[in-house]
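K.L.:
To be precise about what I am sending: the file is called protein-v6.cif and holds mmCIF, C-alpha atoms and all ligand atoms.
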data_run
#
loop_
_atom_site.group_PDB
_atom_site.id
_atom_site.type_symbol
_atom_site.label_atom_id
_atom_site.label_comp_id
_atom_site.auth_asym_id
_atom_site.auth_seq_id
_atom_site.Cartn_x
_atom_site.Cartn_y
_atom_site.Cartn_z
ATOM 1 C CA MET A 682 111.841 72.994 113.412
ATOM 2 C CA ASN A 683 112.859 75.669 110.897
ATOM 3 C CA ILE A 684 110.364 76.929 108.321
ATOM 4 C CA SER A 685 112.290 76.983 105.065
ATOM 5 C CA LEU A 686 112.385 79.864 102.593
ATOM 6 C CA ASN A 687 110.596 77.625 100.071
ATOM 7 C CA ALA A 688 107.808 76.886 102.563
ATOM 8 C CA LEU A 689 107.385 80.640 103.158
ATOM 9 C CA LEU A 690 107.243 81.282 99.407
ATOM 10 C CA ASP A 691 104.571 78.567 99.013
ATOM 11 C CA ASP A 692 102.480 79.997 101.868
ATOM 12 C CA LEU A 693 102.726 83.564 100.536
ATOM 13 C CA LYS A 694 101.636 82.390 97.084
ATOM 14 C CA ALA A 695 98.731 80.388 98.502
ATOM 15 C CA LEU A 696 97.589 83.470 100.391
ATOM 16 C CA GLY A 697 97.431 85.375 97.087
ATOM 17 C CA LEU A 698 100.622 87.417 97.037
ATOM 18 C CA SER A 699 102.339 87.457 93.650
ATOM 19 C CA GLU A 700 104.914 89.127 91.437
ATOM 20 C CA GLY A 701 104.298 92.830 90.920
ATOM 21 C CA ASP A 702 102.264 93.248 94.119
ATOM 22 C CA LYS A 703 102.828 96.309 96.283
ATOM 23 C CA VAL A 704 102.433 95.131 99.839
ATOM 24 C CA LEU A 705 102.753 96.701 103.266
ATOM 25 C CA VAL A 706 103.660 94.010 105.800
ATOM 26 C CA HIS A 707 102.973 94.073 109.572
ATOM 27 C CA THR A 708 104.476 91.097 111.407
ATOM 28 C CA SER A 709 104.749 89.144 114.633
ATOM 29 C CA LEU A 710 107.462 86.701 113.578
ATOM 30 C CA SER A 711 107.239 84.547 116.697
ATOM 31 C CA LYS A 712 103.718 83.544 115.543
ATOM 32 C CA VAL A 713 105.192 82.160 112.314
ATOM 33 C CA GLY A 714 107.677 79.879 114.097
ATOM 34 C CA MET A 715 111.435 79.517 113.614
ATOM 35 C CA VAL A 716 112.097 80.844 110.131
ATOM 36 C CA GLU A 717 115.113 79.998 107.958
ATOM 37 C CA GLY A 718 117.393 83.043 107.976
ATOM 38 C CA GLY A 719 115.434 84.735 110.798
ATOM 39 C CA PRO A 720 113.849 88.183 110.254
ATOM 40 C CA LYS A 721 116.103 88.865 107.248
ATOM 41 C CA GLY A 722 115.034 85.554 105.708
ATOM 42 C CA PHE A 723 111.400 86.598 106.145
ATOM 43 C CA VAL A 724 112.065 89.951 104.439
ATOM 44 C CA SER A 725 113.745 88.082 101.537
ATOM 45 C CA ALA A 726 110.704 85.841 101.147
ATOM 46 C CA ILE A 727 108.383 88.850 100.783
ATOM 47 C CA ALA A 728 110.808 90.673 98.450
ATOM 48 C CA LYS A 729 111.268 87.549 96.326
ATOM 49 C CA THR A 730 107.515 86.963 96.053
ATOM 50 C CA VAL A 731 106.681 90.470 94.820
ATOM 51 C CA GLY A 732 109.855 90.683 92.707
ATOM 52 C CA LYS A 733 111.664 93.800 91.508
ATOM 53 C CA SER A 734 108.550 95.087 89.729
ATOM 54 C CA GLY A 735 106.641 94.959 93.031
ATOM 55 C CA LEU A 736 107.156 96.769 96.301
ATOM 56 C CA ALA A 737 107.836 95.151 99.678
ATOM 57 C CA VAL A 738 107.000 97.801 102.279
ATOM 58 C CA PHE A 739 107.655 97.557 106.032
ATOM 59 C CA PRO A 740 106.465 99.992 108.730
ATOM 60 C CA THR A 741 109.556 101.285 110.567
ATOM 61 C CA LEU A 742 107.642 103.434 113.027
ATOM 62 C CA THR A 743 109.445 105.560 115.603
ATOM 63 C CA GLY A 744 106.716 107.849 116.984
ATOM 64 C CA THR A 745 105.990 107.703 120.705
ATOM 65 C CA PRO A 746 103.185 108.927 122.996
ATOM 66 C CA GLU A 747 105.618 111.546 124.384
ATOM 67 C CA ASP A 748 106.050 113.319 121.020
ATOM 68 C CA SER A 749 104.604 116.832 121.051
ATOM 69 C CA ALA A 750 105.350 120.414 120.032
ATOM 70 C CA SER A 751 107.284 120.840 123.271
ATOM 71 C CA LYS A 752 109.082 117.487 122.840
ATOM 72 C CA PRO A 753 109.550 117.195 119.058
ATOM 73 C CA PRO A 754 110.749 113.901 117.548
ATOM 74 C CA TYR A 755 114.360 113.385 116.438
ATOM 75 C CA PHE A 756 114.781 110.922 113.578
ATOM 76 C CA ASP A 757 117.938 109.624 111.917
ATOM 77 C CA VAL A 758 116.996 107.568 108.860
ATOM 78 C CA ARG A 759 120.199 105.516 109.110
ATOM 79 C CA ASN A 760 120.151 104.784 112.827
ATOM 80 C CA SER A 761 116.763 105.290 114.495
ATOM 81 C CA PRO A 762 115.425 101.841 115.402
ATOM 82 C CA CYS A 763 111.730 101.154 114.946
ATOM 83 C CA TRP A 764 109.360 99.645 117.523
ATOM 84 C CA THR A 765 107.396 97.543 115.056
ATOM 85 C CA GLY A 766 109.446 94.345 115.397
ATOM 86 C CA LYS A 767 112.464 92.469 114.117
ATOM 87 C CA VAL A 768 111.153 92.082 110.565
ATOM 88 C CA PRO A 769 110.943 95.849 109.860
ATOM 89 C CA GLU A 770 114.246 96.260 111.730
ATOM 90 C CA ALA A 771 115.781 93.774 109.264
ATOM 91 C CA ALA A 772 114.034 95.502 106.346
ATOM 92 C CA ARG A 773 115.455 98.958 107.063
ATOM 93 C CA VAL A 774 119.030 97.643 106.732
ATOM 94 C CA TYR A 775 118.251 95.140 103.951
ATOM 95 C CA PRO A 776 120.496 95.577 100.872
ATOM 96 C CA GLY A 777 118.841 98.045 98.491
ATOM 97 C CA ALA A 778 116.063 99.074 100.900
ATOM 98 C CA ILE A 779 115.165 102.761 101.117
ATOM 99 C CA ARG A 780 113.529 104.234 104.195
ATOM 100 C CA SER A 781 111.334 107.311 104.085
ATOM 101 C CA LEU A 782 112.300 110.367 106.131
ATOM 102 C CA HIS A 783 109.099 110.799 108.111
ATOM 103 C CA PRO A 784 110.066 111.305 111.777
ATOM 104 C CA THR A 785 107.266 109.176 113.256
ATOM 105 C CA HIS A 786 105.781 106.934 110.508
ATOM 106 C CA SER A 787 108.642 106.006 108.171
ATOM 107 C CA VAL A 788 108.528 102.885 105.995
ATOM 108 C CA ALA A 789 111.375 100.812 104.520
ATOM 109 C CA VAL A 790 110.803 99.761 100.918
ATOM 110 C CA ILE A 791 112.394 97.179 98.618
ATOM 111 C CA GLY A 792 111.737 97.186 94.853
ATOM 112 C CA SER A 793 112.777 99.061 91.732
ATOM 113 C CA LYS A 794 110.268 101.876 92.386
ATOM 114 C CA ALA A 795 111.015 102.153 96.107
ATOM 115 C CA LYS A 796 112.379 105.695 95.800
ATOM 116 C CA GLU A 797 109.160 106.981 94.215
ATOM 117 C CA LEU A 798 107.107 105.600 97.093
ATOM 118 C CA VAL A 799 109.225 107.093 99.892
ATOM 119 C CA ASN A 800 109.904 110.466 98.234
ATOM 120 C CA GLY A 801 108.499 113.393 100.190
ATOM 121 C CA HIS A 802 106.877 111.359 102.979
ATOM 122 C CA GLU A 803 108.261 113.883 105.479
ATOM 123 C CA PHE A 804 106.234 116.630 103.771
ATOM 124 C CA SER A 805 102.946 114.734 103.879
ATOM 125 C CA ASP A 806 100.243 116.842 105.600
ATOM 126 C CA THR A 807 99.652 114.039 108.094
ATOM 127 C CA PRO A 808 101.821 110.963 108.851
ATOM 128 C CA CYS A 809 99.631 108.479 106.956
ATOM 129 C CA GLY A 810 97.866 110.905 104.597
ATOM 130 C CA GLU A 811 97.366 111.120 100.858
ATOM 131 C CA GLN A 812 100.998 111.928 100.001
ATOM 132 C CA SER A 813 102.400 109.324 102.397
ATOM 133 C CA PRO A 814 103.386 105.812 101.274
ATOM 134 C CA TYR A 815 100.252 104.527 103.055
ATOM 135 C CA GLY A 816 97.992 106.814 100.987
ATOM 136 C CA ILE A 817 99.912 106.227 97.755
ATOM 137 C CA LEU A 818 99.786 102.442 98.158
ATOM 138 C CA ALA A 819 96.050 102.561 98.719
ATOM 139 C CA LYS A 820 95.523 104.641 95.576
ATOM 140 C CA SER A 821 97.670 102.403 93.421
ATOM 141 C CA GLY A 822 96.227 98.952 94.076
ATOM 142 C CA GLY A 823 98.392 98.182 97.115
ATOM 143 C CA LYS A 824 97.773 95.377 99.584
ATOM 144 C CA ILE A 825 98.316 94.979 103.313
ATOM 145 C CA LEU A 826 99.628 91.740 104.784
ATOM 146 C CA LEU A 827 99.072 91.133 108.502
ATOM 147 C CA VAL A 828 101.283 88.264 109.669
ATOM 148 C CA GLY A 829 100.314 86.843 113.062
ATOM 149 C CA VAL A 830 98.665 90.142 114.005
ATOM 150 C CA ASN A 831 95.143 91.498 113.548
ATOM 151 C CA HIS A 832 93.836 94.857 112.321
ATOM 152 C CA ASP A 833 94.956 96.570 115.531
ATOM 153 C CA SER A 834 98.399 96.621 113.861
ATOM 154 C CA ASN A 835 96.993 97.929 110.567
ATOM 155 C CA THR A 836 98.507 101.440 110.309
ATOM 156 C CA THR A 837 96.469 102.210 107.184
ATOM 157 C CA PHE A 838 93.383 102.590 109.406
ATOM 158 C CA HIS A 839 95.030 105.880 110.385
ATOM 159 C CA THR A 840 95.007 106.891 106.715
ATOM 160 C CA ALA A 841 91.210 106.598 106.777
ATOM 161 C CA GLU A 842 91.070 108.472 110.089
ATOM 162 C CA GLU A 843 93.195 111.238 108.602
ATOM 163 C CA TYR A 844 90.967 111.481 105.489
ATOM 164 C CA ALA A 845 87.908 111.582 107.766
ATOM 165 C CA LYS A 846 89.573 114.160 110.050
ATOM 166 C CA SER A 847 88.706 112.030 113.078
ATOM 167 C CA PRO A 848 88.306 114.476 115.957
ATOM 168 C CA PHE A 849 90.483 112.518 118.426
ATOM 169 C CA HIS A 850 93.304 111.460 116.094
ATOM 170 C CA MET A 851 95.775 114.361 115.689
ATOM 171 C CA LEU A 852 97.451 116.805 118.067
ATOM 172 C CA GLU A 853 96.482 120.397 117.327
ATOM 173 C CA LEU A 854 99.959 121.925 117.380
ATOM 174 C CA PRO A 855 102.554 120.831 114.818
ATOM 175 C CA ALA A 856 106.073 120.009 116.035
ATOM 176 C CA LEU A 857 109.428 121.117 114.661
ATOM 177 C CA ALA A 858 111.027 117.693 114.226
ATOM 178 C CA THR A 859 114.698 117.046 113.452
ATOM 179 C CA ILE A 860 115.387 114.628 110.623
ATOM 180 C CA VAL A 861 118.797 113.336 109.607
ATOM 181 C CA ASP A 862 118.928 112.085 106.016
ATOM 182 C CA TYR A 863 121.098 109.410 104.368
ATOM 183 C CA SER A 864 123.936 111.896 103.830
ATOM 184 C CA GLY A 865 123.981 112.678 107.555
ATOM 185 C CA GLU A 866 122.550 116.160 107.086
ATOM 186 C CA ALA A 867 120.170 117.304 109.832
ATOM 187 C CA ARG A 868 117.267 119.662 109.232
ATOM 188 C CA LYS A 869 114.103 120.807 110.943
ATOM 189 C CA ILE A 870 110.667 120.217 109.479
ATOM 190 C CA SER A 871 107.200 120.960 110.741
ATOM 191 C CA VAL A 872 105.083 117.824 111.161
ATOM 192 C CA HIS A 873 101.652 116.979 112.474
ATOM 193 C CA LEU A 874 101.648 114.311 115.154
ATOM 194 C CA HIS A 875 99.254 111.577 116.167
ATOM 195 C CA ARG A 876 97.461 112.007 119.459
ATOM 196 C CA TRP A 877 97.836 108.794 121.446
ATOM 197 C CA GLY A 878 95.485 107.504 124.091
ATOM 198 C CA THR A 879 92.090 106.991 122.419
ATOM 199 C CA GLU A 880 91.583 103.228 122.298
ATOM 200 C CA ARG A 881 90.148 101.953 119.023
ATOM 201 C CA ASP A 882 89.066 98.508 117.838
ATOM 202 C CA PHE A 883 90.242 98.132 114.235
ATOM 203 C CA ASN A 884 88.803 94.615 114.008
ATOM 204 C CA LEU A 885 85.187 95.779 113.962
ATOM 205 C CA LEU A 886 84.978 95.924 110.158
ATOM 206 C CA GLU A 887 86.738 92.661 109.390
ATOM 207 C CA GLU A 888 83.531 90.748 108.611
ATOM 208 C CA GLN A 889 82.676 93.395 106.014
ATOM 209 C CA PHE A 890 86.144 93.175 104.454
ATOM 210 C CA ILE A 891 85.726 89.417 104.088
ATOM 211 C CA ALA A 892 82.113 89.635 102.852
ATOM 212 C CA LYS A 893 83.107 92.190 100.198
ATOM 213 C CA GLY A 894 85.928 89.897 99.036
ATOM 214 C CA ILE A 895 88.767 92.297 99.829
ATOM 215 C CA GLU A 896 90.311 90.270 102.662
ATOM 216 C CA LYS A 897 91.603 86.737 102.562
ATOM 217 C CA ILE A 898 92.686 84.773 105.628
ATOM 218 C CA GLY A 899 95.374 82.078 105.454
ATOM 219 C CA THR A 900 98.536 80.917 107.178
ATOM 220 C CA ILE A 901 102.247 81.527 106.857
ATOM 221 C CA GLY A 902 104.152 78.955 108.854
ATOM 222 C CA LYS A 903 102.046 78.680 112.015
ATOM 223 C CA ALA A 904 100.704 82.246 111.889
ATOM 224 C CA THR A 905 97.185 83.278 110.952
ATOM 225 C CA CYS A 906 97.566 85.922 108.238
ATOM 226 C CA ARG A 907 95.364 88.412 106.481
ATOM 227 C CA LEU A 908 95.841 89.859 102.990
ATOM 228 C CA ILE A 909 93.707 92.944 102.368
ATOM 229 C CA GLU A 910 93.222 95.333 99.444
ATOM 230 C CA SER A 911 94.165 98.700 100.857
ATOM 231 C CA GLY A 912 92.093 101.136 98.730
ATOM 232 C CA PRO A 913 88.730 99.353 99.076
ATOM 233 C CA MET A 914 89.462 98.836 102.789
ATOM 234 C CA ILE A 915 89.842 102.588 103.283
ATOM 235 C CA GLU A 916 86.527 103.177 101.465
ATOM 236 C CA ILE A 917 84.736 100.816 103.868
ATOM 237 C CA ILE A 918 86.317 102.469 106.915
ATOM 238 C CA LEU A 919 85.424 105.919 105.596
ATOM 239 C CA GLU A 920 81.801 104.891 105.079
ATOM 240 C CA ALA A 921 81.637 103.788 108.732
ATOM 241 C CA LEU A 922 83.359 106.972 109.960
ATOM 242 C CA ARG A 923 81.037 109.199 107.933
ATOM 243 C CA LYS A 924 78.061 107.660 109.737
ATOM 244 C CA ASP A 925 79.772 107.827 113.130
ATOM 245 C CA PRO A 926 83.214 109.441 113.608
ATOM 246 C CA TYR A 927 83.538 107.506 116.895
ATOM 247 C CA TYR A 928 82.586 104.118 115.371
ATOM 248 C CA LEU A 929 86.009 102.558 116.026
ATOM 249 C CA VAL A 930 86.490 104.095 119.464
ATOM 250 C CA VAL A 931 86.204 101.569 122.272
ATOM 251 C CA ASN A 932 83.162 102.552 124.400
ATOM 252 C CA GLY A 933 82.206 105.250 121.858
ATOM 253 C CA LYS A 934 82.601 108.959 122.411
HETATM 254 C C1 LIG B 1001 105.340 93.873 118.941
HETATM 255 C C2 LIG B 1001 105.525 92.718 117.974
HETATM 256 C C3 LIG B 1001 106.490 93.119 116.866
HETATM 257 C C4 LIG B 1001 106.101 91.544 118.751
HETATM 258 O O1 LIG B 1001 106.100 90.381 117.944
HETATM 259 P P1 LIG B 1001 107.102 89.178 118.212
HETATM 260 O O2 LIG B 1001 106.662 88.050 117.396
HETATM 261 O O3 LIG B 1001 107.189 88.954 119.685
HETATM 262 O O4 LIG B 1001 108.530 89.712 117.773
HETATM 263 P P2 LIG B 1001 109.167 89.988 116.326
HETATM 264 O O5 LIG B 1001 108.152 90.113 115.274
HETATM 265 O O6 LIG B 1001 110.090 91.132 116.548
HETATM 266 O O7 LIG B 1001 110.005 88.700 115.991
HETATM 267 C C5 LIG B 1001 110.995 88.202 116.883
HETATM 268 C C6 LIG B 1001 110.776 86.726 117.011
HETATM 269 O O8 LIG B 1001 111.018 86.092 115.750
HETATM 270 C C7 LIG B 1001 111.057 84.703 116.008
HETATM 271 N N1 LIG B 1001 111.957 84.051 115.067
HETATM 272 C C8 LIG B 1001 111.525 83.318 114.019
HETATM 273 N N2 LIG B 1001 112.562 82.789 113.375
HETATM 274 C C9 LIG B 1001 113.668 83.193 114.010
HETATM 275 C C10 LIG B 1001 115.046 82.927 113.794
HETATM 276 N N3 LIG B 1001 115.472 82.148 112.784
HETATM 277 N N4 LIG B 1001 115.934 83.486 114.634
HETATM 278 C C11 LIG B 1001 115.520 84.269 115.658
HETATM 279 N N5 LIG B 1001 114.218 84.542 115.907
HETATM 280 C C12 LIG B 1001 113.292 83.999 115.083
HETATM 281 C C13 LIG B 1001 111.475 84.534 117.467
HETATM 282 O O9 LIG B 1001 110.368 83.990 118.153
HETATM 283 C C14 LIG B 1001 111.717 85.972 117.916
HETATM 284 O O10 LIG B 1001 111.336 86.192 119.241
HETATM 285 P P3 LIG B 1001 112.491 86.475 120.341
HETATM 286 O O11 LIG B 1001 113.279 87.656 119.846
HETATM 287 O O12 LIG B 1001 111.717 86.764 121.588
HETATM 288 O O13 LIG B 1001 113.309 85.250 120.384
HETATM 289 C C15 LIG B 1001 104.170 92.286 117.335
HETATM 290 O O14 LIG B 1001 103.285 91.823 118.348
HETATM 291 C C16 LIG B 1001 103.480 93.404 116.592
HETATM 292 O O15 LIG B 1001 102.741 94.206 117.172
HETATM 293 N N6 LIG B 1001 103.695 93.482 115.263
HETATM 294 C C17 LIG B 1001 103.110 94.496 114.398
HETATM 295 C C18 LIG B 1001 103.756 95.843 114.607
HETATM 296 C C19 LIG B 1001 103.183 96.899 113.682
HETATM 297 O O16 LIG B 1001 103.387 96.865 112.481
HETATM 298 N N7 LIG B 1001 102.465 97.878 114.254
HETATM 299 C C20 LIG B 1001 101.850 98.956 113.536
HETATM 300 C C21 LIG B 1001 101.184 99.868 114.551
HETATM 301 S S1 LIG B 1001 100.019 101.061 113.901
#
Using structure tokens, write down the structure from this file.
Ligand SMILES: CC(C)(COP(=O)(O)OP(=O)(O)OC[C@H]1O[C@@H](n2cnc3c(N)ncnc32)[C@H](O)[C@@H]1OP(=O)(O)O)[C@@H](O)C(=O)NCCC(=O)NCCS
P.N.:
Amino acid sequence: MNISLNALLDDLKALGLSEGDKVLVHTSLSKVGMVEGGPKGFVSAIAKTVGKSGLAVFPTLTGTPEDSASKPPYFDVRNSPCWTGKVPEAARVYPGAIRSLHPTHSVAVIGSKAKELVNGHEFSDTPCGEQSPYGILAKSGGKILLVGVNHDSNTTFHTAEEYAKSPFHMLELPALATIVDYSGEARKISVHLHRWGTERDFNLLEEQFIAKGIEKIGTIGKATCRLIESGPMIEIILEALRKDPYYLVVNGK
């Protein structure tokens, strides 16, 4: 049976999302059930809930484990598909959405201040750092919504790892990536890349998030969902990483 747009709006409200919120959304839509309007319908529900004064942000990631200085990423903001699911794929072509130009960690944003959030992402020191949409959202009262997925899909953990300069997280050599902007113009930029391959468990701190009142668990359709305050979450992760930089690494150092 289809989950109607109105049912989605009710569930989002019950979870605590409201007009004016800036929210980064990670999704497994199959966990929600069959949604009215499919992935695009789901994007509309988020955009409608936060309204024009809010920001609906979707991770349209394109980075791969093969990216390196010798195999630099190529990114076309208009055409490069993301690997983060059908909802962000629908978001990047949603009417009025703007996608950032970062060649591995772009986001697609809907809302009247979308341009301000995506501006300059490609020049951020690190993909999820202070000047990236992930860092900016955290500093400005942003939230993270995990729909049918757990913290392993929570990209903003990398923001904390980048602040903490986690020793296993970044490749040493930058890469000269090619980015193609909305006008079709291609240019080369130097970017720092994530190092893949170190398994982490991002669910380890969830009890603390809940105990400190910064995470709420609910449901959207049939999916278990989590709504988290991004800034305070990063503070908690940083505290753990200061004590032990390998805290999140599966089997430790
Ligand atoms: C990989 C991942 C996207 C797969 O999730 P998924 O639920 O299988 O797939 P999607 O989210 O792309 O949604 C597609 C599903 O929507 C569902 N769906 C709901 N309503 C629908 C509708 N009206 N029409 C069509 N499909 C619909 C279908 O089940 C569809 O599955 P199908 O294509 O196999 O038929 C998910 O597990 C995940 O990891 N999400 C988070 C990604 C992320 O943000 N990562 C950050 C990394 S740091």
K.L.:
Taking the file as shown, what set of residues would the PyMOL selection byres (((not hetatm)) within 8 of (chain B and resi 1001)) give back, as a count of residues only?
P.N.:
35
K.L.:
Write out, as a tab-separated table, each residue of stretch 683-769 of chain A that has an atom at most 12 Å from stretch 799-814 of chain A, together with the closest pair of atoms and their distance in Å to one decimal, counting all atoms listed in the file, rows going by chain and rising number.
P.N.:
residue	atom	partner	partner_atom	distance
A:Lys703	CA	A:Pro814	CA	10.7
A:Val704	CA	A:Pro814	CA	10.8
A:Leu705	CA	A:Pro814	CA	9.3
A:Leu736	CA	A:Pro814	CA	11.0
A:Ala737	CA	A:Pro814	CA	11.7
A:Val738	CA	A:Pro814	CA	8.8
A:Phe739	CA	A:Pro814	CA	10.4
A:Pro740	CA	A:Pro814	CA	9.9
A:Leu742	CA	A:Pro808	CA	10.4
A:Thr743	CA	A:Pro808	CA	11.5
A:Gly744	CA	A:Pro808	CA	10.0
A:Phe756	CA	A:Glu803	CA	10.8
A:Val758	CA	A:Glu803	CA	11.3
K.L.:
Which is closest to A:Gly735 among A:Lys824, A:His783, A:Lys694, A:His832, if we use all atoms listed in the file?
P.N.:
A:Lys824
K.L.:
Considering only C-alpha atoms, can you say which of A:Tyr863, A:Tyr815, A:Tyr844, A:Phe890 comes closest to A:Asn760?
P.N.:
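Using only C-alpha atoms, A:Asn760 sits closest to A:Tyr863.
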K.L.:
Take atom CA of A:Tyr755 and atom CA of A:Ile870 and report the distance between them in Å, one decimal.
P.N.:
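A separation of 10.4 Å between them.
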K.L.:
Just need the box for stretch 788-794 of chain A, edges along x, y and z, holding every atom the file lists for it with 6 Å tacked onto each side, so centre and edge lengths in Å to one decimal, as JSON.
P.N.:
{"center_x": 110.7, "center_y": 100.0, "center_z": 98.9, "size_x": 16.2, "size_y": 17.7, "size_z": 26.3}
K.L.:
Selecting C-alpha atoms, how would stretch 786-798 of chain A from this structure be written as a PDB file, in the first residue's frame?
P.N.:
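Dumped everything to selection_4.pdb:
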ATOM      1  CA  HIS A 786      31.209  14.869  -1.394  1.00  0.00           C
ATOM      2  CA  SER A 787      28.700  17.146  -3.133  1.00  0.00           C
ATOM      3  CA  VAL A 788      25.262  17.847  -1.656  1.00  0.00           C
ATOM      4  CA  ALA A 789      22.017  18.894  -3.374  1.00  0.00           C
ATOM      5  CA  VAL A 790      20.109  21.608  -1.529  1.00  0.00           C
ATOM      6  CA  ILE A 791      16.556  22.957  -1.720  1.00  0.00           C
ATOM      7  CA  GLY A 792      15.564  26.219   0.007  1.00  0.00           C
ATOM      8  CA  SER A 793      15.887  29.963  -0.462  1.00  0.00           C
ATOM      9  CA  LYS A 794      19.418  30.011   1.014  1.00  0.00           C
ATOM     10  CA  ALA A 795      20.618  26.917  -0.849  1.00  0.00           C
ATOM     11  CA  LYS A 796      23.223  28.852  -2.842  1.00  0.00           C
ATOM     12  CA  GLU A 797      24.905  30.174   0.313  1.00  0.00           C
ATOM     13  CA  LEU A 798      25.273  26.651   1.678  1.00  0.00           C
TER      14      LEU A 798
END
